[in-house]
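Peer 1: Let me give you the structure first, and then I'll get to my questions.
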Amino acid sequence: MGESEGDTGNLTQLEFLALNSEFNIADGHARQALTAGQSKIVDDLPLLFAEGEKRPVEELEQEAHAAFFTALGQHSYPSAPGRVLSCYSSSVAMEILSRSLAETIDTVALVHPTFDNIADLLRGNGLKLVPLAEDPLHGDDLDASLLASVGCVFLTTPNNPTGRVVSKERLTRLAEQCAAAGVILALDTSFRGFDTRAHYDHYEVLEASGVRWVVIEDTGKLWPTLDLKVGMLVHSENLGLPVEKIYSDILLGVSPLILAMVRRFSEDAAAGGLEELHRFIAGNRAMVRAELAGLPGVTVPDPDSRASVERVGIDDLTGTQVWDRLREHNVYALPCRPFHWANPTEGDHTLRLALARSTDPLAQSVRALRHVLKNR
Ligand code: EGV
């Protein structure tokens, strides 16, 4: 359904093409310059290495988790051993979860749209998917028939690429419904650091509901650490899936150097770094919107988004056409078709831009976009 000759691969394959361009506004990884506070941490890397050599990794890991979760308001995260599984990336956590789910359930309701590798990892492990569009997800109660037909509801919040956040009230109700139906509730919160509306204590809500829950957390989108990062698979005591066993099939643990670095970046975030990041992303977003304002047929689909990505709607060209024309200027964005994993045509007229970039190359990239859109 929805495949066409114009399809150019998955989103990550499109992101690969961009990696060597100075105008890479494709992937959602953080590539802006380090702040002064962050540069200080990088200066201290030899000390963190020495700390990683000397101290027990369990201590470094607990400190990294505590610093990260508290910086983002997640005070009720489970700190007991084995409940937060540190992975090389959130996609590794996603693979572990997908393999675990496939042992006991057949079907997952997955938010639509969302980053395509979530759908691909679930399907790659043999799971069937049912799309859950954002409007019904954020509206009334989920259909009883939907809940009866799935073993898991999987949501990305803030969502990628739309930035939509599941509110505390909404999560409370979703968790109640999933608990009553015996359905696992899984969240990918990789973009939560950008949006204070996603900083209410999710773990408190999930635990209070009694639902079987899993959360994938990520440090990888927040800080420009050259892809030194941790993804975390966090789970409820009652989950009843072999996540710890499958984790052990794939890895022993992440580097204590990276854990020590995550602790320091989290402390810096809590001490004002997060607000600085929010101002930076908001500034880049305002610049992008100002640069594209007034172009006929060009829209802002996600006016409330605070995520580090921004969608642009284009009435009379497809995202793939704009992507192609931008490449002639060595600028790489992302056409949104693949985000709409169940119905790609829904994403035909949108493009995603990365905002976690230094403002100057981002501004040059957006000027090229304006040029392309002006000369349609
Ligand atoms: C985004 C890259 C993977 C992913 C980027 C991403 N692809 N992991 N297969 O990390 O929004 O650009 O999430």
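Scheme for the structure tokens: letters A, B, ... for chains in order shown; per-chain residue numbers from 1; ligand numbers from 1 in order shown.
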What's around A:Arg367 at 8 Å? Count only C-alpha atoms, leave out sequence neighbours fewer than 4 positions away in its own chain, and write the answer as a ChimeraX atom specification.
Peer 2: /A:291,363,371
Peer 1: Return as JSON, numbers by chain the full set of residues in stretch 108-230 of chain A whose backbone-based DSSP assignment is helix (DSSP H, G or I).
Peer 2: {"A": [116, 117, 118, 119, 120, 121, 122, 123, 124, 134, 135, 136, 137, 138, 144, 145, 146, 147, 148, 149, 168, 169, 170, 171, 172, 173, 174, 175, 176, 177, 178, 179, 180, 181, 192, 193, 194, 196, 197, 198, 202, 203, 204, 205, 206, 207, 208, 209]}
Peer 1: Could you list, as number ranges by chain, all protein and nucleic acid residues with an atom at most 8 Å from ligand 1, counting only C-alpha atoms and all ligand atoms?
Peer 2: A: 11-12, 15, 26-29, 89-91, 115, 117, 160-161, 220-221, 309, 354
Peer 1: Do a neighbour search on stretch 66-71 of chain A at 8 Å with only C-alpha atoms, toss out local chain neighbours closer than 5 positions, and write the hits as a PDB file with C-alpha atoms, in the first residue's frame.
Peer 2:
ATOM      1  CA  TYR A  77      11.914   6.053  37.457  1.00  0.00           C
ATOM      2  CA  SER A  79      16.197   2.496  40.243  1.00  0.00           C
ATOM      3  CA  VAL A 262      26.005  11.220  30.362  1.00  0.00           C
ATOM      4  CA  ARG A 263      26.055  11.955  34.104  1.00  0.00           C
ATOM      5  CA  SER A 266      22.731  15.609  32.595  1.00  0.00           C
ATOM      6  CA  GLU A 267      24.057  17.638  35.531  1.00  0.00           C
ATOM      7  CA  ALA A 269      21.366  20.232  31.681  1.00  0.00           C
ATOM      8  CA  ALA A 270      19.784  20.430  35.142  1.00  0.00           C
TER       9      ALA A 270
END
Peer 1: I'd like to know which of A:Arg376, A:Gln321, A:Asp268, A:Phe191 is closest to A:Ala36, using only C-alpha atoms.
Peer 2: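 Of the candidates, the smallest distance to A:Ala36 is held by A:Asp268.
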Peer 1: Write out as a list in words the residues lying within 12 Å of A:Leu121, counting only C-alpha atoms and excluding same-chain residues fewer than 2 positions away.
Peer 2: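 Contacts, in chain order: Ser90, Ser91, Val92, Ala93, Met94, Glu95, Ile96, Leu97, Ser98, Arg99, Ser100, Leu101, Ala102, Val108, Leu110, Phe115, Asp116, Asn117, Ile118, Ala119, Arg123, Gly124, Asn125, Gly126, Leu127, Lys128, Leu129 and Trp341 of chain A.
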